[in-house]
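Enquirer: Next comes the structure file data-v9.csv, holding CSV, C-alpha atoms (C1' of nucleotides).
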```
chain,number,residue,atom,x,y,z
A,1,MET,CA,7.8,16.0,-9.2
A,2,PRO,CA,6.1,15.9,-12.6
A,3,ALA,CA,3.7,18.7,-13.4
A,4,THR,CA,0.4,18.3,-15.1
A,5,LEU,CA,1.9,18.8,-18.5
A,6,ASP,CA,4.1,15.8,-17.9
A,7,PHE,CA,1.1,13.7,-16.9
A,8,GLU,CA,-0.4,14.7,-20.2
A,9,GLN,CA,2.6,13.6,-22.1
A,10,MET,CA,2.7,10.4,-20.2
A,11,LEU,CA,-0.9,9.7,-21.1
A,12,ARG,CA,-0.3,10.6,-24.7
A,13,GLY,CA,2.8,8.4,-24.8
A,14,VAL,CA,0.7,5.4,-24.2
A,15,ALA,CA,-2.1,6.4,-26.5
A,16,LEU,CA,-4.5,7.3,-23.8
A,17,ARG,CA,-6.9,10.2,-24.0
A,18,VAL,CA,-6.0,13.1,-21.8
A,19,THR,CA,-8.9,13.8,-19.4
A,20,ARG,CA,-8.9,15.6,-16.2
A,21,PRO,CA,-9.8,12.6,-14.1
A,22,ARG,CA,-6.9,10.6,-15.6
A,23,VAL,CA,-4.4,13.3,-15.1
A,24,ALA,CA,-5.6,13.7,-11.5
A,25,VAL,CA,-5.5,10.0,-10.9
A,26,LEU,CA,-2.0,9.7,-12.3
A,27,GLY,CA,-0.9,12.6,-10.2
A,28,ALA,CA,-2.4,11.0,-7.1
A,29,VAL,CA,-0.7,7.7,-7.6
A,30,LEU,CA,2.6,9.5,-8.2
A,31,ALA,CA,2.1,11.5,-5.0
A,32,HIS,CA,0.9,8.7,-2.8
A,33,PRO,CA,2.7,5.4,-3.5
A,34,HIS,CA,0.9,2.3,-2.3
A,35,ALA,CA,-2.3,4.2,-1.7
A,36,ASP,CA,-5.5,2.2,-1.8
A,37,THR,CA,-8.3,3.1,-4.1
A,38,ASP,CA,-10.2,5.0,-1.5
A,39,SER,CA,-7.2,7.2,-0.7
A,40,ILE,CA,-6.7,7.9,-4.4
A,41,ILE,CA,-10.3,8.9,-4.7
A,42,GLY,CA,-9.9,11.3,-1.9
A,43,ALA,CA,-6.7,12.7,-3.3
A,44,VAL,CA,-8.2,13.1,-6.7
A,45,ARG,CA,-11.3,14.9,-5.3
A,46,ARG,CA,-9.1,17.4,-3.6
A,47,GLY,CA,-8.5,18.8,-7.0
A,48,LEU,CA,-11.6,17.6,-8.8
A,49,PRO,CA,-14.4,17.3,-6.3
A,50,GLU,CA,-16.9,16.1,-8.8
A,51,VAL,CA,-15.1,13.0,-9.9
A,52,SER,CA,-17.0,9.8,-9.5
A,53,HIS,CA,-15.5,6.7,-7.9
A,54,GLN,CA,-16.3,4.9,-11.1
A,55,ALA,CA,-14.1,7.3,-13.1
A,56,VAL,CA,-11.2,6.6,-10.7
A,57,TYR,CA,-11.7,2.9,-11.0
A,58,ASP,CA,-11.8,3.1,-14.7
A,59,SER,CA,-8.8,5.5,-14.9
A,60,LEU,CA,-6.8,3.2,-12.6
A,61,GLN,CA,-7.6,0.3,-14.8
A,62,ALA,CA,-6.7,2.2,-17.9
A,63,LEU,CA,-3.4,3.4,-16.4
A,64,THR,CA,-2.6,-0.1,-15.2
A,65,ALA,CA,-3.3,-1.7,-18.6
A,66,ALA,CA,-1.1,1.0,-20.2
A,67,GLY,CA,1.7,0.2,-17.8
A,68,LEU,CA,1.9,3.7,-16.2
A,69,VAL,CA,1.0,2.4,-12.8
A,70,ARG,CA,1.1,-1.0,-11.2
A,71,ARG,CA,-1.6,-2.6,-9.1
A,72,ILE,CA,-0.6,-4.6,-6.1
A,73,GLN,CA,-2.8,-6.4,-3.7
A,74,PRO,CA,-1.3,-8.2,-0.8
A,75,ALA,CA,-3.5,-10.9,0.7
A,76,GLY,CA,-6.1,-9.5,3.0
A,77,SER,CA,-5.7,-6.0,1.7
A,78,VAL,CA,-7.6,-3.9,-0.8
A,79,ALA,CA,-6.1,-3.0,-4.1
A,80,ARG,CA,-3.2,-0.5,-4.0
A,81,TYR,CA,-1.4,1.3,-6.7
A,82,GLU,CA,2.1,2.5,-7.2
A,83,SER,CA,4.0,4.4,-9.8
A,84,ARG,CA,7.3,2.5,-9.9
A,85,VAL,CA,7.0,0.5,-13.0
A,86,GLY,CA,9.6,-1.1,-15.2
A,87,ASP,CA,12.0,-1.9,-12.5
A,88,ASN,CA,12.0,-5.2,-10.8
A,89,HIS,CA,11.3,-4.3,-7.2
A,90,HIS,CA,9.3,-6.1,-4.6
A,91,HIS,CA,7.4,-5.2,-1.4
A,92,MET,CA,7.5,-5.7,2.3
A,93,VAL,CA,4.2,-5.7,4.1
A,94,CYS,CA,3.9,-5.2,7.8
A,95,ARG,CA,1.5,-7.8,9.3
A,96,GLU,CA,0.4,-5.4,12.0
A,97,CYS,CA,-0.1,-2.0,10.5
A,98,GLY,CA,-0.2,-2.9,6.8
A,99,LEU,CA,2.6,-0.6,5.9
A,100,ILE,CA,4.1,-1.3,2.5
A,101,ALA,CA,7.7,-0.5,1.6
A,102,ASP,CA,9.6,-1.0,-1.6
A,103,VAL,CA,12.6,-3.2,-1.7
A,104,ASP,CA,14.9,-3.8,-4.6
A,105,CYS,CA,15.2,-7.4,-5.6
A,106,ALA,CA,16.6,-9.3,-2.8
A,107,VAL,CA,19.6,-11.2,-4.0
A,108,GLY,CA,20.9,-8.9,-6.6
A,109,ASP,CA,19.2,-8.6,-10.0
A,110,ALA,CA,16.2,-10.9,-10.5
A,111,PRO,CA,16.9,-14.3,-9.3
A,112,CYS,CA,13.4,-15.1,-8.4
A,113,LEU,CA,12.3,-14.6,-12.0
A,114,THR,CA,14.1,-17.8,-13.0
A,115,ALA,CA,11.3,-20.1,-12.1
A,116,SER,CA,13.2,-23.4,-12.4
A,117,ASP,CA,10.8,-25.2,-14.6
A,118,GLY,CA,7.3,-24.3,-13.4
A,119,ASN,CA,5.2,-27.2,-14.7
A,120,GLY,CA,5.3,-25.8,-18.2
A,121,PHE,CA,4.1,-22.4,-17.3
A,122,SER,CA,5.4,-19.5,-19.3
A,123,VAL,CA,6.2,-17.0,-16.6
A,124,ASP,CA,6.3,-13.3,-17.3
A,125,GLU,CA,6.4,-11.9,-13.8
A,126,ALA,CA,7.6,-12.9,-10.4
A,127,GLU,CA,5.9,-11.1,-7.6
A,128,VAL,CA,7.7,-11.3,-4.2
A,129,VAL,CA,6.1,-10.1,-1.0
A,130,PHE,CA,8.0,-10.1,2.2
A,131,TRP,CA,5.8,-10.5,5.2
A,132,GLY,CA,7.0,-9.3,8.6
A,133,ARG,CA,6.9,-6.3,10.9
A,134,CYS,CA,7.9,-2.8,10.1
A,135,PRO,CA,10.5,-1.1,12.4
A,136,GLY,CA,7.8,0.7,14.3
A,137,CYS,CA,5.6,-2.3,15.0
A,138,SER,CA,8.6,-4.5,15.6
A,139,THR,CA,9.8,-2.2,18.4
A,140,ALA,CA,6.4,-1.6,19.8
A,141,GLY,CA,5.4,-5.2,19.7
A,142,SER,CA,8.5,-6.7,21.2
A,143,SER,CA,7.3,-5.7,24.7
A,144,ARG,CA,3.7,-6.8,24.5
A,145,SER,CA,3.6,-10.5,23.7
A,146,THR,CA,-0.1,-11.0,24.3
B,1,MET,CA,-4.6,-40.1,2.2
B,2,PRO,CA,-5.3,-39.4,5.9
B,3,ALA,CA,-8.5,-40.8,7.4
B,4,THR,CA,-10.9,-39.1,9.7
B,5,LEU,CA,-9.0,-40.3,12.7
B,6,ASP,CA,-5.9,-38.7,11.4
B,7,PHE,CA,-7.7,-35.4,11.0
B,8,GLU,CA,-8.8,-35.7,14.6
B,9,GLN,CA,-5.3,-36.2,15.8
B,10,MET,CA,-4.1,-33.3,13.7
B,11,LEU,CA,-6.7,-31.1,15.3
B,12,ARG,CA,-5.8,-32.3,18.8
B,13,GLY,CA,-2.2,-31.8,18.0
B,14,VAL,CA,-2.7,-28.1,17.7
B,15,ALA,CA,-5.1,-27.9,20.6
B,16,LEU,CA,-8.2,-27.4,18.5
B,17,ARG,CA,-11.5,-28.9,19.4
B,18,VAL,CA,-12.5,-31.8,17.3
B,19,THR,CA,-15.8,-31.0,15.6
B,20,ARG,CA,-17.4,-32.5,12.6
B,21,PRO,CA,-17.2,-29.3,10.6
B,22,ARG,CA,-13.6,-28.9,11.3
B,23,VAL,CA,-12.7,-32.5,10.4
B,24,ALA,CA,-14.7,-32.1,7.2
B,25,VAL,CA,-13.1,-28.8,6.4
B,26,LEU,CA,-9.6,-30.2,7.0
B,27,GLY,CA,-10.4,-33.2,4.8
B,28,ALA,CA,-11.7,-30.9,2.1
B,29,VAL,CA,-8.6,-28.8,2.0
B,30,LEU,CA,-6.4,-31.9,1.9
B,31,ALA,CA,-8.5,-33.3,-0.9
B,32,HIS,CA,-8.8,-30.1,-2.9
B,33,PRO,CA,-5.6,-28.1,-2.9
B,34,HIS,CA,-5.9,-24.4,-3.9
B,35,ALA,CA,-9.7,-24.6,-3.6
B,36,ASP,CA,-11.5,-21.4,-2.9
B,37,THR,CA,-13.9,-21.1,0.0
B,38,ASP,CA,-17.0,-21.8,-2.0
B,39,SER,CA,-15.6,-25.0,-3.3
B,40,ILE,CA,-14.6,-26.0,0.2
B,41,ILE,CA,-18.1,-25.3,1.4
B,42,GLY,CA,-19.4,-27.5,-1.4
B,43,ALA,CA,-17.0,-30.3,-0.6
B,44,VAL,CA,-17.8,-30.1,3.1
B,45,ARG,CA,-21.5,-30.2,2.5
B,46,ARG,CA,-21.2,-33.4,0.5
B,47,GLY,CA,-20.5,-35.1,3.8
B,48,LEU,CA,-22.2,-32.7,6.1
B,49,PRO,CA,-25.1,-31.1,4.3
B,50,GLU,CA,-26.1,-29.0,7.3
B,51,VAL,CA,-22.9,-27.1,7.7
B,52,SER,CA,-23.3,-23.3,7.6
B,53,HIS,CA,-20.9,-21.2,5.5
B,54,GLN,CA,-20.0,-19.4,8.7
B,55,ALA,CA,-18.8,-22.6,10.3
B,56,VAL,CA,-16.6,-23.2,7.3
B,57,TYR,CA,-15.2,-19.7,7.4
B,58,ASP,CA,-14.5,-20.0,11.1
B,59,SER,CA,-12.9,-23.5,10.7
B,60,LEU,CA,-10.7,-22.3,7.9
B,61,GLN,CA,-9.6,-19.4,10.1
B,62,ALA,CA,-8.9,-21.6,13.0
B,63,LEU,CA,-7.0,-24.1,10.9
B,64,THR,CA,-5.0,-21.3,9.3
B,65,ALA,CA,-4.2,-19.8,12.7
B,66,ALA,CA,-3.1,-23.2,13.9
B,67,GLY,CA,-0.9,-23.7,10.9
B,68,LEU,CA,-2.6,-26.8,9.6
B,69,VAL,CA,-3.6,-25.1,6.4
B,70,ARG,CA,-2.3,-22.1,4.6
B,71,ARG,CA,-4.3,-19.3,3.1
B,72,ILE,CA,-3.2,-17.9,-0.2
B,73,GLN,CA,-4.8,-15.0,-2.1
B,74,PRO,CA,-3.4,-14.0,-5.4
B,75,ALA,CA,-4.4,-10.5,-6.5
B,76,GLY,CA,-7.8,-10.5,-8.0
B,77,SER,CA,-8.7,-13.8,-6.6
B,78,VAL,CA,-10.8,-14.9,-3.7
B,79,ALA,CA,-9.1,-16.6,-0.8
B,80,ARG,CA,-7.8,-20.1,-1.4
B,81,TYR,CA,-6.5,-22.7,0.9
B,82,GLU,CA,-3.9,-25.4,0.7
B,83,SER,CA,-2.6,-28.1,2.9
B,84,ARG,CA,1.1,-28.0,2.1
B,85,VAL,CA,2.5,-26.2,5.1
B,86,GLY,CA,5.9,-26.1,6.6
B,87,ASP,CA,7.8,-26.4,3.3
B,88,ASN,CA,8.9,-23.3,1.5
B,89,HIS,CA,7.1,-23.6,-1.8
B,90,HIS,CA,5.6,-21.0,-4.0
B,91,HIS,CA,2.9,-20.7,-6.5
B,92,MET,CA,2.3,-20.1,-10.2
B,93,VAL,CA,-0.9,-18.5,-11.2
B,94,CYS,CA,-2.3,-18.5,-14.7
B,95,ARG,CA,-3.4,-15.1,-15.7
B,96,GLU,CA,-6.1,-16.5,-18.0
B,97,CYS,CA,-7.7,-19.4,-16.2
B,98,GLY,CA,-6.6,-18.7,-12.7
B,99,LEU,CA,-5.0,-22.2,-12.3
B,100,ILE,CA,-2.7,-22.4,-9.4
B,101,ALA,CA,0.3,-24.8,-9.3
B,102,ASP,CA,2.8,-25.4,-6.6
B,103,VAL,CA,6.5,-24.9,-7.3
B,104,ASP,CA,9.4,-25.6,-5.1
B,105,CYS,CA,11.5,-22.7,-4.3
B,106,ALA,CA,12.9,-21.5,-7.6
B,107,VAL,CA,16.6,-21.2,-7.2
B,108,GLY,CA,17.3,-24.0,-4.7
B,109,ASP,CA,16.4,-23.7,-1.1
B,110,ALA,CA,15.1,-20.4,0.0
B,111,PRO,CA,17.1,-17.6,-1.5
B,112,CYS,CA,14.2,-15.2,-1.6
B,113,LEU,CA,13.9,-15.3,2.1
B,114,THR,CA,17.1,-13.4,2.5
B,115,ALA,CA,15.7,-10.0,2.1
B,116,SER,CA,18.8,-8.0,1.7
B,117,ASP,CA,18.1,-5.4,4.3
B,118,GLY,CA,14.5,-4.4,4.0
B,119,ASN,CA,14.3,-1.0,5.6
B,120,GLY,CA,14.5,-2.5,9.0
B,121,PHE,CA,11.6,-4.9,8.6
B,122,SER,CA,11.9,-8.1,10.5
B,123,VAL,CA,10.8,-10.5,7.8
B,124,ASP,CA,9.3,-13.9,8.7
B,125,GLU,CA,8.0,-15.0,5.3
B,126,ALA,CA,8.7,-14.5,1.7
B,127,GLU,CA,5.8,-15.1,-0.6
B,128,VAL,CA,6.6,-15.6,-4.2
B,129,VAL,CA,3.9,-15.7,-6.9
B,130,PHE,CA,4.9,-16.4,-10.5
B,131,TRP,CA,2.4,-14.9,-12.9
B,132,GLY,CA,2.1,-16.3,-16.4
B,133,ARG,CA,0.1,-18.7,-18.4
B,134,CYS,CA,-0.4,-22.4,-17.8
B,135,PRO,CA,0.5,-24.9,-20.5
B,136,GLY,CA,-3.1,-25.1,-21.6
B,137,CYS,CA,-3.7,-21.4,-22.0
B,138,SER,CA,-0.2,-20.9,-23.3
B,139,THR,CA,-0.9,-23.2,-26.2
B,140,ALA,CA,-4.5,-22.1,-26.9
B,141,GLY,CA,-3.7,-18.4,-26.6
B,142,SER,CA,-0.7,-18.4,-28.9
B,143,SER,CA,-3.0,-18.5,-31.9
B,144,ARG,CA,-5.5,-15.9,-30.9
B,145,SER,CA,-3.8,-12.6,-30.4
B,146,THR,CA,-6.9,-10.5,-30.1
C,1,DG,C1',-16.7,24.3,-35.8
C,2,DC,C1',-18.4,19.6,-36.5
C,3,DT,C1',-18.5,14.5,-36.1
C,4,DT,C1',-17.5,10.4,-33.8
C,5,DA,C1',-15.6,7.4,-30.7
C,6,DT,C1',-14.4,7.2,-26.1
C,7,DT,C1',-15.0,8.4,-21.4
C,8,DC,C1',-17.5,10.1,-17.3
C,9,DT,C1',-21.7,10.3,-14.2
C,10,DT,C1',-25.3,8.2,-11.7
C,11,DG,C1',-27.2,4.6,-9.5
C,12,DA,C1',-28.0,0.0,-8.7
C,13,DC,C1',-26.0,-4.3,-8.0
C,14,DT,C1',-22.9,-8.6,-7.0
C,15,DC,C1',-20.8,-11.3,-3.8
C,16,DA,C1',-17.0,-12.6,-0.7
C,17,DT,C1',-16.5,-11.9,3.9
C,18,DT,C1',-17.8,-10.5,8.5
C,19,DC,C1',-20.8,-9.5,12.6
C,20,DC,C1',-24.2,-10.9,15.9
C,21,DA,C1',-27.1,-13.5,19.3
C,22,DG,C1',-28.9,-17.6,20.7
C,23,DA,C1',-28.6,-22.7,20.5
C,24,DA,C1',-25.8,-26.7,20.4
C,25,DA,C1',-21.9,-29.5,21.2
C,26,DG,C1',-17.2,-30.8,22.8
C,27,DC,C1',-13.9,-31.0,26.7
C,28,DC,C1',-12.6,-31.6,31.6
C,29,DG,C1',-13.0,-32.9,36.3
C,30,DA,C1',-15.4,-35.6,39.6
D,1,DT,C1',-20.8,-41.8,33.2
D,2,DC,C1',-22.5,-37.0,34.3
D,3,DG,C1',-22.6,-31.9,35.1
D,4,DG,C1',-20.7,-27.5,34.1
D,5,DC,C1',-18.2,-24.5,31.4
D,6,DT,C1',-16.3,-23.0,27.4
D,7,DT,C1',-16.1,-22.9,22.7
D,8,DT,C1',-18.3,-23.6,18.4
D,9,DC,C1',-22.2,-23.8,15.1
D,10,DT,C1',-26.5,-22.0,13.1
D,11,DG,C1',-29.1,-18.6,10.8
D,12,DG,C1',-29.7,-14.2,9.2
D,13,DA,C1',-28.4,-9.8,8.3
D,14,DA,C1',-24.9,-6.4,7.2
D,15,DT,C1',-20.6,-4.5,5.2
D,16,DG,C1',-17.9,-2.8,1.6
D,17,DA,C1',-14.8,-3.2,-2.4
D,18,DG,C1',-15.5,-3.7,-6.9
D,19,DT,C1',-18.5,-4.2,-11.2
D,20,DC,C1',-22.3,-3.4,-14.6
D,21,DA,C1',-25.3,-0.6,-17.5
D,22,DA,C1',-27.3,3.5,-20.0
D,23,DG,C1',-27.3,8.0,-21.1
D,24,DA,C1',-24.7,12.5,-21.0
D,25,DA,C1',-20.4,14.8,-21.7
D,26,DT,C1',-16.0,15.4,-23.7
D,27,DA,C1',-11.5,14.9,-26.3
D,28,DA,C1',-9.3,14.0,-30.8
D,29,DG,C1',-9.3,14.4,-35.7
D,30,DC,C1',-10.7,16.7,-39.9
```
Take the structure in this file and express it as structure tokens.
Expert:
Amino acid sequence: MPATLDFEQMLRGVALRVTRPRVAVLGAVLAHPHADTDSIIGAVRRGLPEVSHQAVYDSLQALTAAGLVRRIQPAGSVARYESRVGDNHHHMVCRECGLIADVDCAVGDAPCLTASDGNGFSVDEAEVVFWGRCPGCSTAGSSRST
Amino acid sequence: MPATLDFEQMLRGVALRVTRPRVAVLGAVLAHPHADTDSIIGAVRRGLPEVSHQAVYDSLQALTAAGLVRRIQPAGSVARYESRVGDNHHHMVCRECGLIADVDCAVGDAPCLTASDGNGFSVDEAEVVFWGRCPGCSTAGSSRST
DNA sequence: GCTTATTCTTGACTCATTCCAGAAAGCCGA
DNA sequence: TCGGCTTTCTGGAATGAGTCAAGAATAAGC
């Protein structure tokens, strides 16, 4: 796992100022993939109790804009952040417990990116979300069909 | 375009009570694909000025649960509703103006549904969102690269 | 060490969505 | 057609994630 110095270099690498809140936020996202903003604020405050939620929001936005983290937001969920960027992976979301898991692109490389025509849209990203039930909920729920 | 009587039959077909708000909401979703809740409230009130926003929310939820309409919510957007259900189509979202367009499944039938393995998830739906720029914004934006 | 531009803190605010309780209306059987 | 029951609608308030704004603090460059 990267140390604080690595976070600094990551920030400098994308021309972002190195501040304690940003380092902490970056570390929190790395440590807690798919965490929502509130969890990130909590994780950041474990190391920096004084950080305001606004600073976390702003840091997340800066990191997202810089491409160091990626923001995902399945329907009906709050914003979540993950550190896997650059690769073309997708997500599975459990309808019951909200668990999010990474999946590498389903049919090989990136077939979903080839939007056939797309009404003239210039597509730069294809986001795939698989909805279903996680192993835990799938087992637990198979008995109770209320 | 379906008439009010058809809406009634659609509601009865899914064992939902036929109420004027629901008929109006169903008609509004049919008439305005990808409309957000506020637009639907406005459209409904054109015919039924007295309808409360709560009734619209509740009707939309009932219609969604019954499968008559489908709720979509791209990241950073409010909830939107559409009437194309049952077919496996996806959406393109313009990053600039928020325009949403339907696209039939990219690579043919439904390749994205075959989530390779998926960590043991039992997948029941694959939602694909193509992010990019619509023809209008793509043309307009190519000149101004602020 | 100093200057400047950027970032953080504090606090209030927006607004989509939900919750609640009472009133109204639709559906079913007679 | 009518009564009873269940569900839905109305009206208002509340929730909560996210945003906005202004001044104070801080990091980067010289």
Enquirer: Choose the residue, out of A:Arg133, A:Arg80, A:His91, A:His53, that has the smallest atom-to-atom separation from chain B; count all atoms listed in the file.
Expert: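 Using all atoms listed in the file, the shortest distance to chain B belongs to A:Arg133.
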Enquirer: Considering all atoms listed in the file, tabulate each residue of chain C that lies at most 10 Å from chain B along with its nearest interatomic pair and the corresponding distance in Å to one decimal; arrange the rows by chain and ascending residue number and present them as a tab-separated table.
Expert:
```
residue	atom	partner	partner_atom	distance
C:DA16	C1'	B:Val78	CA	7.3
C:DT17	C1'	B:Tyr57	CA	8.6
C:DT18	C1'	B:Gln54	CA	9.2
C:DA25	C1'	B:Thr19	CA	8.4
C:DG26	C1'	B:Arg17	CA	6.9
C:DC27	C1'	B:Arg17	CA	8.0
```
Enquirer: CA of Gly67 in chain A and CA of Ile40 in chain A are how many Å apart?
Expert: 17.6 Å
Enquirer: Report the distance between CA of Glu127 in chain B and CA of Glu96 in chain B in Å, rounded to one decimal place.
Expert: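 These atoms are spaced 21.1 Å apart.
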Enquirer: Interatomic distance between C1' of DA28 in chain D and CA of Ser59 in chain A?
Expert: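 So the two atoms, C1' of DA28 in chain D and CA of Ser59 in chain A, lie 18.0 Å apart.
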Enquirer: Tell me which of A:Leu48, A:Leu16, A:Cys97, A:Val103 sits closest to chain D, counting all atoms listed in the file.
Expert: A:Leu16
Enquirer: Per residue of chain D within 10 Å of chain B, record the nearest atom pair and its distance in Å to one decimal, counting only C-alpha atoms (C1' of nucleotides), with rows in chain order and ascending residue number, as CSV.
Expert:
```
residue,atom,partner,partner_atom,distance
D:DT7,C1',B:Arg17,CA,8.2
D:DT8,C1',B:Ala55,CA,8.2
D:DC9,C1',B:Ala55,CA,6.0
D:DT10,C1',B:Ser52,CA,6.5
D:DG11,C1',B:Ser52,CA,8.1
```
Enquirer: Find the residues in chain B near chain A: any atom within 6 Å counts, using all atoms listed in the file. Write them as a short mmCIF file (atom, residue, chain, number, x, y, z; two decimals) with C-alpha atoms, keeping the file's coordinate frame.
Expert:
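Written output follows (part16.cif):
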```cif
data_model
loop_
_atom_site.label_atom_id
_atom_site.label_comp_id
_atom_site.auth_asym_id
_atom_site.auth_seq_id
_atom_site.Cartn_x
_atom_site.Cartn_y
_atom_site.Cartn_z
CA GLN B 73 -4.80 -15.00 -2.10
CA ALA B 75 -4.40 -10.50 -6.50
CA ALA B 106 12.90 -21.50 -7.60
CA ALA B 115 15.70 -10.00 2.10
CA SER B 116 18.80 -8.00 1.70
CA GLY B 120 14.50 -2.50 9.00
CA PHE B 121 11.60 -4.90 8.60
CA SER B 122 11.90 -8.10 10.50
CA VAL B 123 10.80 -10.50 7.80
CA ASP B 124 9.30 -13.90 8.70
CA GLU B 125 8.00 -15.00 5.30
CA ALA B 126 8.70 -14.50 1.70
CA GLU B 127 5.80 -15.10 -0.60
CA VAL B 128 6.60 -15.60 -4.20
CA VAL B 129 3.90 -15.70 -6.90
CA PHE B 130 4.90 -16.40 -10.50
CA TRP B 131 2.40 -14.90 -12.90
CA GLY B 132 2.10 -16.30 -16.40
CA ARG B 133 0.10 -18.70 -18.40
CA CYS B 134 -0.40 -22.40 -17.80
CA PRO B 135 0.50 -24.90 -20.50
#
```
Enquirer: Could you pull out every residue with an atom within 12 Å of (-8.8, -28.4, 1.9), file coordinates, counting all atoms listed in the file, and send them as number ranges by chain?
Expert: B: 7, 22-44, 56, 59-60, 63-64, 68-71, 80-85
Enquirer: Taking all atoms listed in the file into account, name the residue in C:DC8, C:DC15, C:DA24, C:DG29 that is nearest to DA25 in chain D.
Expert: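 Checking each of C:DC8, C:DC15, C:DA24, C:DG29 against DA25 in chain D, counting all atoms listed in the file, the winner is C:DC8.
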Enquirer: Rank nothing, just name the residue among B:Leu99, B:Gln61, B:Arg45, B:Ala66 nearest to Ala15 in chain B, using all atoms listed in the file.
Expert: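 Of B:Leu99, B:Gln61, B:Arg45, B:Ala66, the one nearest Ala15 in chain B is B:Ala66, counting all atoms listed in the file.
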